[in-house]
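What follows is one structure encoded as structure tokens, with my remarks underneath.
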Amino acid sequence: MRFRYKCLISAFPIVVIIGCSQQPTEPGPWTAPTDGIHYRVSISGLPRDSISIMATLGSRPAGDSVRFIVPPLYADNPMLDQTGRNFHNIKIVNRANEKVSVSFDSIRTGNITSMTFAFAAREVPVRISYHVTLNYATQRDYMGIPAVSATGGWIRGAHLFIVPYTSPGLIDIWRTSFDLEVFWDIADELVLLGDPQQVAFDNPYQLLFSMSAIIDRSEANTRILSQRTANGQAFRFVSIEPTISIDSDLARRIADDFAEIVGDLSASFGTIDNAPLTVILRGANKGGLEGMYAFTQLDPPHIDSLDVFNMVLAHELAHAWVGVRTGDVDMPWWKEGTATYLGYLIAKRNEVAALPPVIDELVTQNYSGRDEVKKYKLTDEYARVNLFEEGASFGKLIYMKGAQVNMLLDTRIMQATAGNSTLDEVIGPFVQQHEGGAFSWSEYREHIERESGADIGDIYHNFIDATGAVPLDTLKQAFNWMAKSGAWGIADTLP
Ligand SMILES: [Zn+2]
């Protein structure tokens, strides 16, 4: 993909010229990429505080200056008002190894302040080196767990990478196409599980969802719990949390269940390039976090109750396509609503989750009294930008009403095709076509209607682009229609 650097900002009300007391890089000759940005991440030991990164920018953009956002601690929207406290020792040199002046400023991305830096475009090609403090994020990270401990590292792109600033709009920043390449320079005694050692990303969003575990090579036997392949997709589970106890029976059961999920989702959405998928078990919270080549599972597993665990696994795996490799431009609900629905559906129809939690979340729980459901539409950009902001409570709107809407879409597709097609089968090829980019609601609707023959306009106008809860009767009718057609693997319907 060609390097397209569209936006240049030249006004910097706050200007700080800094010197560098510590030099994270070695001097000497270096090569700039002809296109895009190359990142080199150097990890010399299991890191406690810092990793050194070099980003080389080869193409000279139009305009007077080049601006980057420092690692934005991003999880669907920027998480943490930050003034660069996780970001240290920046040094920029030009092709002649001369130091380039850098100025700092801040921008609002969503409702969060992010630090940016800029330098003169005439200096390109340049090499930018810096350090990050990974555990800074845990001070207010929504997961509340250290990135790095004595036993393992949890390495997220959102904590590591500077990304080009292209526009005040989040969607534009994250989905603008770039050639982004990462090379991991890891000490011999460590093993990187997640991203391939040399890997390309299509846009900043994908880069921020880079995720890997780093473990000590001598501990690999105990940290890698299982390795399998299902429907051509290799996967492995790795634990970097010594506090979770997973014996061989539980490890086998988890891999057996996940093989069903992988087999089903990959049939509709495809496999993940040539890389094995890594599931990083943290066991320290609820839910998970999606990623490009790895995702993180926070729910601790218990052999007697893997229902929710498996629904979360299916949700996060669906995100590999639904949201991470492919995005939307005007459907704030789509990524989480669709992954939540598919998480329930895929786990239930493969018999790795029980039905009661599915019925509770998708049908009987009443969201009509909730402020965010009364006040906001699923289409409100405000809901996405504030999804995880402290004090915001958009979970029921975006995740649950979003999932219910997907059940209505699925039912409509099944009805229009006499049960021959389901939502995942219809949208799978569509999101693959848009890999590395984003699509609009009108393109999504046009695809669904053309492929299935269903008219979904009323679902959009009554429930997606409208405030309020989906009526219970509407949900029951959809659930029961699906149940009769065998979609949930049950014979009974709801009264
Ligand atoms: Zn999600």
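Labels used: A, B, ... for chains in the order of the structure tokens, numbers from 1 for residues in each chain, and numbers from 1 for ligands as shown.
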Set the distance at 7 Å and use only C-alpha atoms: which residues neighbour segment 415-425 of chain A once local chain neighbours fewer than 2 positions away are removed? I'd like the list as a ChimeraX atom specification.
/A:268,410-413,427-428,452-454,485
Would you mind exporting C-alpha atoms of the selected residues as a compact mmCIF listing (two decimals), in the first residue's frame?
```
# COMPACT_ATOMS: atom_id res chain seq x y z
CA SER A 268 -16.86 -17.30 7.51
CA ASP A 410 -29.39 -12.27 11.50
CA THR A 411 -33.06 -13.27 11.74
CA ARG A 412 -33.95 -11.10 8.76
CA ILE A 413 -31.12 -12.63 6.70
CA ILE A 427 -20.70 -10.34 6.28
CA GLY A 428 -17.57 -12.56 6.34
CA SER A 452 -29.44 -12.15 1.17
CA GLY A 453 -32.36 -10.43 -0.52
CA ALA A 454 -33.43 -9.07 2.87
CA SER A 485 -34.60 -22.91 12.53
```
Original post:
ligand 1: which residues are within 12 Å, counting only C-alpha atoms and all ligand atoms, as a ChimeraX atom specification?
Top reply: /A:75-76,286-291,295-297,311-324,333-343,387-388,395,398-400,402-403
How would the residues just picked look written out with N, CA and C atoms as a compact mmCIF listing (two decimals), in the first residue's frame?
```txt
# COMPACT_ATOMS: atom_id res chain seq x y z
N ALA A 75 -7.52 1.91 23.40
CA ALA A 75 -8.29 0.67 23.37
C ALA A 75 -9.67 1.02 22.84
N ASP A 76 -9.75 1.17 21.55
CA ASP A 76 -10.97 1.55 20.85
C ASP A 76 -11.18 3.06 20.85
N LYS A 286 -12.19 -9.06 34.00
CA LYS A 286 -13.28 -9.62 33.19
C LYS A 286 -13.10 -9.21 31.75
N GLY A 287 -13.47 -10.07 30.84
CA GLY A 287 -13.47 -9.71 29.43
C GLY A 287 -12.17 -10.04 28.74
N GLY A 288 -11.81 -9.23 27.76
CA GLY A 288 -10.60 -9.48 26.99
C GLY A 288 -10.24 -8.25 26.20
N LEU A 289 -9.21 -8.37 25.41
CA LEU A 289 -8.82 -7.27 24.54
C LEU A 289 -8.35 -7.84 23.21
N GLU A 290 -8.98 -7.37 22.14
CA GLU A 290 -8.71 -7.87 20.80
C GLU A 290 -7.34 -7.45 20.29
N GLY A 291 -6.88 -8.13 19.22
CA GLY A 291 -5.59 -7.77 18.65
C GLY A 291 -5.43 -8.33 17.25
N PHE A 295 -4.68 -12.05 20.99
CA PHE A 295 -5.60 -11.28 21.81
C PHE A 295 -5.45 -11.74 23.25
N THR A 296 -5.98 -10.92 24.15
CA THR A 296 -5.80 -11.19 25.57
C THR A 296 -7.13 -11.59 26.18
N GLN A 297 -7.10 -12.62 26.97
CA GLN A 297 -8.27 -13.11 27.68
C GLN A 297 -8.07 -12.84 29.15
N MET A 311 -17.48 -17.58 25.51
CA MET A 311 -18.15 -16.50 24.78
C MET A 311 -17.22 -15.32 24.58
N VAL A 312 -16.38 -15.06 25.59
CA VAL A 312 -15.40 -13.98 25.45
C VAL A 312 -14.34 -14.35 24.40
N LEU A 313 -13.89 -15.61 24.43
CA LEU A 313 -12.93 -16.05 23.40
C LEU A 313 -13.50 -15.84 22.01
N ALA A 314 -14.76 -16.22 21.81
CA ALA A 314 -15.38 -16.08 20.48
C ALA A 314 -15.52 -14.60 20.11
N HIS A 315 -15.87 -13.77 21.09
CA HIS A 315 -15.98 -12.32 20.87
C HIS A 315 -14.64 -11.75 20.40
N GLU A 316 -13.58 -12.06 21.13
CA GLU A 316 -12.28 -11.48 20.79
C GLU A 316 -11.74 -12.03 19.47
N LEU A 317 -11.99 -13.30 19.20
CA LEU A 317 -11.55 -13.84 17.92
C LEU A 317 -12.32 -13.18 16.77
N ALA A 318 -13.62 -12.96 16.94
CA ALA A 318 -14.40 -12.28 15.89
C ALA A 318 -13.80 -10.92 15.58
N HIS A 319 -13.28 -10.25 16.62
CA HIS A 319 -12.69 -8.92 16.41
C HIS A 319 -11.50 -8.94 15.46
N ALA A 320 -10.83 -10.10 15.32
CA ALA A 320 -9.70 -10.14 14.40
C ALA A 320 -10.12 -9.55 13.06
N TRP A 321 -11.37 -9.82 12.67
CA TRP A 321 -11.91 -9.24 11.44
C TRP A 321 -12.86 -8.10 11.75
N VAL A 322 -13.74 -8.32 12.69
CA VAL A 322 -14.79 -7.35 13.00
C VAL A 322 -14.19 -6.25 13.88
N GLY A 323 -13.61 -5.25 13.26
CA GLY A 323 -13.07 -4.14 14.02
C GLY A 323 -11.59 -3.93 13.83
N VAL A 324 -10.77 -4.97 13.89
CA VAL A 324 -9.33 -4.74 13.85
C VAL A 324 -8.82 -4.68 12.41
N TRP A 333 -21.55 1.41 16.86
CA TRP A 333 -22.01 0.18 17.52
C TRP A 333 -21.51 -1.08 16.86
N TRP A 334 -21.07 -0.98 15.61
CA TRP A 334 -20.88 -2.18 14.81
C TRP A 334 -19.82 -3.12 15.38
N LYS A 335 -18.66 -2.56 15.69
CA LYS A 335 -17.56 -3.42 16.12
C LYS A 335 -17.94 -4.22 17.36
N GLU A 336 -18.38 -3.55 18.41
CA GLU A 336 -18.65 -4.26 19.67
C GLU A 336 -19.99 -5.01 19.62
N GLY A 337 -21.00 -4.41 19.00
CA GLY A 337 -22.30 -5.09 18.93
C GLY A 337 -22.21 -6.39 18.14
N THR A 338 -21.49 -6.34 17.03
CA THR A 338 -21.39 -7.53 16.18
C THR A 338 -20.52 -8.59 16.83
N ALA A 339 -19.39 -8.19 17.42
CA ALA A 339 -18.53 -9.18 18.08
C ALA A 339 -19.25 -9.80 19.28
N THR A 340 -20.05 -9.02 20.00
CA THR A 340 -20.77 -9.57 21.15
C THR A 340 -21.81 -10.60 20.67
N TYR A 341 -22.57 -10.22 19.67
CA TYR A 341 -23.57 -11.17 19.15
C TYR A 341 -22.90 -12.45 18.63
N LEU A 342 -21.85 -12.28 17.83
CA LEU A 342 -21.18 -13.46 17.28
C LEU A 342 -20.55 -14.30 18.39
N GLY A 343 -20.08 -13.64 19.45
CA GLY A 343 -19.52 -14.38 20.58
C GLY A 343 -20.55 -15.33 21.18
N LEU A 387 -16.54 5.60 24.94
CA LEU A 387 -16.93 4.23 25.32
C LEU A 387 -16.30 3.77 26.63
N PHE A 388 -15.03 4.05 26.80
CA PHE A 388 -14.35 3.57 28.00
C PHE A 388 -13.90 4.71 28.90
N GLY A 395 -21.71 0.56 27.93
CA GLY A 395 -21.62 -0.87 27.70
C GLY A 395 -22.94 -1.49 27.28
N ILE A 398 -23.92 0.00 23.60
CA ILE A 398 -23.10 -0.41 22.46
C ILE A 398 -22.97 -1.93 22.37
N TYR A 399 -22.68 -2.57 23.49
CA TYR A 399 -22.47 -4.02 23.46
C TYR A 399 -23.81 -4.77 23.39
N MET A 400 -24.76 -4.41 24.27
CA MET A 400 -25.95 -5.25 24.39
C MET A 400 -27.06 -4.88 23.41
N GLY A 402 -26.47 -3.26 20.81
CA GLY A 402 -25.78 -3.57 19.55
C GLY A 402 -25.88 -5.04 19.20
N ALA A 403 -25.75 -5.92 20.20
CA ALA A 403 -25.87 -7.36 19.95
C ALA A 403 -27.31 -7.72 19.57
```
Quick one: everything within 10 Å of segment 466-470 of chain A, counting only C-alpha atoms, minus sequence neighbours fewer than 4 positions away in the same chain. Send it as a list of chain:residue names.
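Near neighbours after the sequence-gap exclusion: A:Val363, A:Asn366, A:Tyr367, A:Ser368, A:Gly369, A:Arg370, A:Asp371, A:Glu372, A:Val373, A:Lys374, A:Lys375, A:Tyr376, A:Lys377, A:Leu378, A:Thr379, A:Asp380, A:Leu397, A:Lys401, A:Gln404, A:Val405, A:Leu408, A:Ile459, A:Tyr460, A:His461, A:Asn462, A:Thr474, A:Leu475.
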| said: Please extract the residues of segment 192-415 of chain A with a backbone DSSP assignment of strand (DSSP E) and present them as number ranges by chain. | reply: A: 192-193, 198-201, 211-216, 224-230, 233-239, 277-281, 288-289, 294-297, 327-328
How about saving the chosen residues, N, CA and C atoms kept, as an mmCIF file, in the first residue's frame?
```
data_model
loop_
_atom_site.group_PDB
_atom_site.id
_atom_site.type_symbol
_atom_site.label_atom_id
_atom_site.label_comp_id
_atom_site.auth_asym_id
_atom_site.auth_seq_id
_atom_site.Cartn_x
_atom_site.Cartn_y
_atom_site.Cartn_z
ATOM 1 N N LEU A 192 9.100 -14.214 21.790
ATOM 2 C CA LEU A 192 7.985 -13.319 21.453
ATOM 3 C C LEU A 192 6.845 -14.173 20.914
ATOM 4 N N LEU A 193 5.679 -14.082 21.533
ATOM 5 C CA LEU A 193 4.505 -14.841 21.085
ATOM 6 C C LEU A 193 3.387 -13.848 20.784
ATOM 7 N N GLN A 198 8.851 -9.939 11.963
ATOM 8 C CA GLN A 198 8.799 -8.820 11.016
ATOM 9 C C GLN A 198 7.397 -8.797 10.444
ATOM 10 N N VAL A 199 6.703 -7.686 10.608
ATOM 11 C CA VAL A 199 5.273 -7.712 10.311
ATOM 12 C C VAL A 199 4.826 -6.345 9.792
ATOM 13 N N ALA A 200 3.868 -6.354 8.866
ATOM 14 C CA ALA A 200 3.362 -5.116 8.274
ATOM 15 C C ALA A 200 1.935 -4.858 8.723
ATOM 16 N N PHE A 201 1.619 -3.588 8.874
ATOM 17 C CA PHE A 201 0.258 -3.162 9.216
ATOM 18 C C PHE A 201 -0.213 -2.163 8.162
ATOM 19 N N MET A 211 -0.144 -6.937 19.478
ATOM 20 C CA MET A 211 -0.128 -7.445 20.861
ATOM 21 C C MET A 211 0.738 -8.700 20.917
ATOM 22 N N SER A 212 1.561 -8.791 21.918
ATOM 23 C CA SER A 212 2.395 -9.981 22.075
ATOM 24 C C SER A 212 2.639 -10.262 23.545
ATOM 25 N N ALA A 213 2.985 -11.507 23.813
ATOM 26 C CA ALA A 213 3.514 -11.879 25.126
ATOM 27 C C ALA A 213 5.012 -12.084 24.966
ATOM 28 N N ILE A 214 5.747 -11.715 25.993
ATOM 29 C CA ILE A 214 7.177 -12.012 26.007
ATOM 30 C C ILE A 214 7.454 -12.871 27.230
ATOM 31 N N ILE A 215 8.053 -14.005 26.988
ATOM 32 C CA ILE A 215 8.347 -14.904 28.112
ATOM 33 C C ILE A 215 9.807 -15.316 28.056
ATOM 34 N N ASP A 216 10.299 -15.728 29.185
ATOM 35 C CA ASP A 216 11.666 -16.227 29.273
ATOM 36 C C ASP A 216 11.735 -17.588 28.565
ATOM 37 N N ILE A 224 3.603 -21.889 27.665
ATOM 38 C CA ILE A 224 2.789 -22.239 26.488
ATOM 39 C C ILE A 224 1.954 -23.457 26.864
ATOM 40 N N LEU A 225 0.648 -23.230 27.020
ATOM 41 C CA LEU A 225 -0.225 -24.260 27.579
ATOM 42 C C LEU A 225 -0.670 -25.270 26.540
ATOM 43 N N SER A 226 -0.846 -24.807 25.299
ATOM 44 C CA SER A 226 -1.308 -25.723 24.256
ATOM 45 C C SER A 226 -1.018 -25.096 22.905
ATOM 46 N N GLN A 227 -0.876 -25.939 21.889
ATOM 47 C CA GLN A 227 -0.723 -25.472 20.511
ATOM 48 C C GLN A 227 -1.527 -26.413 19.634
ATOM 49 N N ARG A 228 -2.388 -25.834 18.794
ATOM 50 C CA ARG A 228 -3.276 -26.671 17.977
ATOM 51 C C ARG A 228 -3.517 -26.017 16.631
ATOM 52 N N THR A 229 -4.234 -26.725 15.760
ATOM 53 C CA THR A 229 -4.701 -26.153 14.496
ATOM 54 C C THR A 229 -6.150 -26.567 14.301
ATOM 55 N N ALA A 230 -6.993 -25.638 13.867
ATOM 56 C CA ALA A 230 -8.388 -25.951 13.550
ATOM 57 C C ALA A 230 -8.754 -25.269 12.239
ATOM 58 N N GLN A 233 -6.234 -22.952 10.783
ATOM 59 C CA GLN A 233 -5.753 -21.834 11.609
ATOM 60 C C GLN A 233 -5.018 -22.380 12.827
ATOM 61 N N ALA A 234 -3.716 -22.132 12.882
ATOM 62 C CA ALA A 234 -2.951 -22.549 14.057
ATOM 63 C C ALA A 234 -3.221 -21.584 15.203
ATOM 64 N N PHE A 235 -3.262 -22.101 16.402
ATOM 65 C CA PHE A 235 -3.418 -21.229 17.574
ATOM 66 C C PHE A 235 -2.681 -21.820 18.766
ATOM 67 N N ARG A 236 -2.440 -20.988 19.749
ATOM 68 C CA ARG A 236 -1.783 -21.442 20.974
ATOM 69 C C ARG A 236 -2.257 -20.579 22.136
ATOM 70 N N PHE A 237 -2.254 -21.169 23.298
ATOM 71 C CA PHE A 237 -2.574 -20.430 24.524
ATOM 72 C C PHE A 237 -1.294 -20.257 25.319
ATOM 73 N N VAL A 238 -1.093 -19.040 25.813
ATOM 74 C CA VAL A 238 0.090 -18.787 26.632
ATOM 75 C C VAL A 238 -0.352 -18.046 27.886
ATOM 76 N N SER A 239 0.181 -18.450 29.010
ATOM 77 C CA SER A 239 -0.125 -17.779 30.272
ATOM 78 C C SER A 239 1.094 -16.985 30.725
ATOM 79 N N LEU A 277 -2.249 -17.817 15.730
ATOM 80 C CA LEU A 277 -2.958 -16.901 16.623
ATOM 81 C C LEU A 277 -2.562 -17.234 18.066
ATOM 82 N N THR A 278 -2.223 -16.219 18.835
ATOM 83 C CA THR A 278 -1.833 -16.439 20.231
ATOM 84 C C THR A 278 -2.898 -15.866 21.156
ATOM 85 N N VAL A 279 -3.366 -16.670 22.085
ATOM 86 C CA VAL A 279 -4.282 -16.182 23.112
ATOM 87 C C VAL A 279 -3.483 -16.028 24.409
ATOM 88 N N ILE A 280 -3.389 -14.787 24.881
ATOM 89 C CA ILE A 280 -2.612 -14.496 26.089
ATOM 90 C C ILE A 280 -3.570 -14.495 27.282
ATOM 91 N N LEU A 281 -3.366 -15.402 28.215
ATOM 92 C CA LEU A 281 -4.233 -15.477 29.387
ATOM 93 C C LEU A 281 -3.666 -14.596 30.498
ATOM 94 N N GLY A 288 -11.812 -9.234 27.756
ATOM 95 C CA GLY A 288 -10.602 -9.483 26.994
ATOM 96 C C GLY A 288 -10.237 -8.252 26.204
ATOM 97 N N LEU A 289 -9.206 -8.367 25.413
ATOM 98 C CA LEU A 289 -8.816 -7.267 24.536
ATOM 99 C C LEU A 289 -8.348 -7.839 23.209
ATOM 100 N N ALA A 294 -2.608 -11.635 18.120
ATOM 101 C CA ALA A 294 -2.840 -12.216 19.438
ATOM 102 C C ALA A 294 -3.968 -11.435 20.074
ATOM 103 N N PHE A 295 -4.685 -12.053 20.986
ATOM 104 C CA PHE A 295 -5.601 -11.284 21.812
ATOM 105 C C PHE A 295 -5.449 -11.741 23.249
ATOM 106 N N THR A 296 -5.976 -10.917 24.148
ATOM 107 C CA THR A 296 -5.803 -11.194 25.569
ATOM 108 C C THR A 296 -7.135 -11.588 26.183
ATOM 109 N N GLN A 297 -7.097 -12.623 26.969
ATOM 110 C CA GLN A 297 -8.275 -13.112 27.678
ATOM 111 C C GLN A 297 -8.066 -12.836 29.154
ATOM 112 N N GLY A 327 -12.685 -1.898 9.611
ATOM 113 C CA GLY A 327 -13.420 -0.983 10.481
ATOM 114 C C GLY A 327 -14.605 -0.362 9.778
ATOM 115 N N ASP A 328 -15.317 0.438 10.525
ATOM 116 C CA ASP A 328 -16.464 1.145 9.978
ATOM 117 C C ASP A 328 -16.188 2.636 10.099
#
```
Item to complete: Kindly give the distance, in Å, that separates atom CA of Asn203 of chain A and atom CA of Phe439 of chain A, rounded to a single decimal.
Response: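 Rounded to one decimal, the two atoms are 14.2 Å apart.
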Which is closest to Pro164 of chain A among A:Trp30, A:Phe68, A:Tyr205, A:Phe183, if we use only C-alpha atoms?
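Nearest to Pro164 of chain A: A:Phe68.
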Subject >> Surrounding residues of Asn350 of chain A excluding itself and chain neighbours under 3 positions, 12 Å, only C-alpha atoms, as JSON, numbers by chain >> reply: {"A": [256, 257, 258, 259, 260, 261, 262, 263, 264, 265, 307, 310, 311, 314, 342, 343, 344, 345, 346, 347, 353, 354, 355, 486, 487, 488, 489, 490]}
Could you pull the residues within 12 Å of Ile155 of chain A, counting only C-alpha atoms, minus those fewer than 2 positions along the same chain, as a PyMOL selection string?
-> chain A and resi 41+43+46-48+50-51+73+132-135+137+146-149+152-153+157-161+184+192-195+207-215+240+280+291+294-296
task: Run DSSP on the backbone and grab whatever in segment 259-396 of chain A lands in alpha helix (DSSP H); send it over as a ChimeraX atom specification.
output: /A:259-269,307-319,334-349,356-359,371-375,381-385
Could you write out that same residue set with C-alpha atoms as a PDB file, in the first residue's frame?
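Result file follows (again39.pdb):
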```
ATOM      1  CA  ALA A 259     -10.864 -25.319  18.263  1.00  0.00           C
ATOM      2  CA  GLU A 260     -14.655 -25.382  17.715  1.00  0.00           C
ATOM      3  CA  ILE A 261     -14.810 -21.582  17.838  1.00  0.00           C
ATOM      4  CA  VAL A 262     -11.827 -21.162  15.513  1.00  0.00           C
ATOM      5  CA  GLY A 263     -13.197 -23.685  13.044  1.00  0.00           C
ATOM      6  CA  ASP A 264     -16.562 -21.947  12.876  1.00  0.00           C
ATOM      7  CA  LEU A 265     -15.372 -18.328  12.667  1.00  0.00           C
ATOM      8  CA  SER A 266     -12.586 -19.049  10.188  1.00  0.00           C
ATOM      9  CA  ALA A 267     -15.139 -20.691   7.872  1.00  0.00           C
ATOM     10  CA  SER A 268     -16.859 -17.300   7.507  1.00  0.00           C
ATOM     11  CA  PHE A 269     -14.029 -14.828   8.077  1.00  0.00           C
ATOM     12  CA  ASP A 307     -19.477 -20.668  29.297  1.00  0.00           C
ATOM     13  CA  VAL A 308     -18.600 -17.015  29.693  1.00  0.00           C
ATOM     14  CA  PHE A 309     -14.914 -17.746  29.134  1.00  0.00           C
ATOM     15  CA  ASN A 310     -15.740 -19.288  25.756  1.00  0.00           C
ATOM     16  CA  MET A 311     -18.152 -16.504  24.782  1.00  0.00           C
ATOM     17  CA  VAL A 312     -15.402 -13.976  25.447  1.00  0.00           C
ATOM     18  CA  LEU A 313     -12.931 -16.051  23.403  1.00  0.00           C
ATOM     19  CA  ALA A 314     -15.375 -16.076  20.482  1.00  0.00           C
ATOM     20  CA  HIS A 315     -15.976 -12.319  20.867  1.00  0.00           C
ATOM     21  CA  GLU A 316     -12.276 -11.481  20.792  1.00  0.00           C
ATOM     22  CA  LEU A 317     -11.545 -13.837  17.918  1.00  0.00           C
ATOM     23  CA  ALA A 318     -14.399 -12.285  15.893  1.00  0.00           C
ATOM     24  CA  HIS A 319     -12.692  -8.921  16.408  1.00  0.00           C
ATOM     25  CA  TRP A 334     -20.883  -2.184  14.813  1.00  0.00           C
ATOM     26  CA  LYS A 335     -17.558  -3.417  16.122  1.00  0.00           C
ATOM     27  CA  GLU A 336     -18.650  -4.260  19.666  1.00  0.00           C
ATOM     28  CA  GLY A 337     -22.296  -5.088  18.931  1.00  0.00           C
ATOM     29  CA  THR A 338     -21.389  -7.530  16.178  1.00  0.00           C
ATOM     30  CA  ALA A 339     -18.529  -9.176  18.082  1.00  0.00           C
ATOM     31  CA  THR A 340     -20.772  -9.574  21.147  1.00  0.00           C
ATOM     32  CA  TYR A 341     -23.566 -11.171  19.150  1.00  0.00           C
ATOM     33  CA  LEU A 342     -21.178 -13.463  17.280  1.00  0.00           C
ATOM     34  CA  GLY A 343     -19.524 -14.385  20.578  1.00  0.00           C
ATOM     35  CA  TYR A 344     -22.856 -15.672  21.914  1.00  0.00           C
ATOM     36  CA  LEU A 345     -23.965 -17.280  18.678  1.00  0.00           C
ATOM     37  CA  ILE A 346     -20.709 -19.052  17.839  1.00  0.00           C
ATOM     38  CA  ALA A 347     -20.107 -20.310  21.385  1.00  0.00           C
ATOM     39  CA  LYS A 348     -23.693 -21.553  21.737  1.00  0.00           C
ATOM     40  CA  ARG A 349     -24.071 -23.230  18.367  1.00  0.00           C
ATOM     41  CA  PRO A 356     -29.222 -19.113  29.826  1.00  0.00           C
ATOM     42  CA  PRO A 357     -26.658 -16.282  29.682  1.00  0.00           C
ATOM     43  CA  VAL A 358     -27.385 -15.858  25.969  1.00  0.00           C
ATOM     44  CA  ILE A 359     -31.140 -15.535  26.559  1.00  0.00           C
ATOM     45  CA  ASP A 371     -29.977   6.605  30.659  1.00  0.00           C
ATOM     46  CA  GLU A 372     -27.554   5.916  27.840  1.00  0.00           C
ATOM     47  CA  VAL A 373     -30.151   3.813  26.002  1.00  0.00           C
ATOM     48  CA  LYS A 374     -32.781   6.534  26.390  1.00  0.00           C
ATOM     49  CA  LYS A 375     -30.449   9.344  25.449  1.00  0.00           C
ATOM     50  CA  GLU A 381     -20.288   9.041  17.536  1.00  0.00           C
ATOM     51  CA  TYR A 382     -20.203  10.381  21.087  1.00  0.00           C
ATOM     52  CA  ALA A 383     -20.816   6.876  22.390  1.00  0.00           C
ATOM     53  CA  ARG A 384     -17.749   5.475  20.685  1.00  0.00           C
ATOM     54  CA  VAL A 385     -15.462   8.322  21.599  1.00  0.00           C
TER      55      VAL A 385
END
```
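The closest residue to Ile53 of chain A, picked from A:Ser129, A:Ser177, A:Asn386, A:Thr31 and counting only C-alpha atoms, is A:Ser129.
For the atom pair formed by atom CA of Ser65 of chain A and atom CA of Ser52 of chain A, the distance is 24.5 Å, given to one decimal.
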Next on the checklist: I'd like to know which of A:Pro33, A:Pro300, A:Pro429, A:Gly45 is closest to Glu451 of chain A, using only C-alpha atoms.
Outcome noted: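 Ranking A:Pro33, A:Pro300, A:Pro429, A:Gly45 by distance to Glu451 of chain A, first place goes to A:Pro429.
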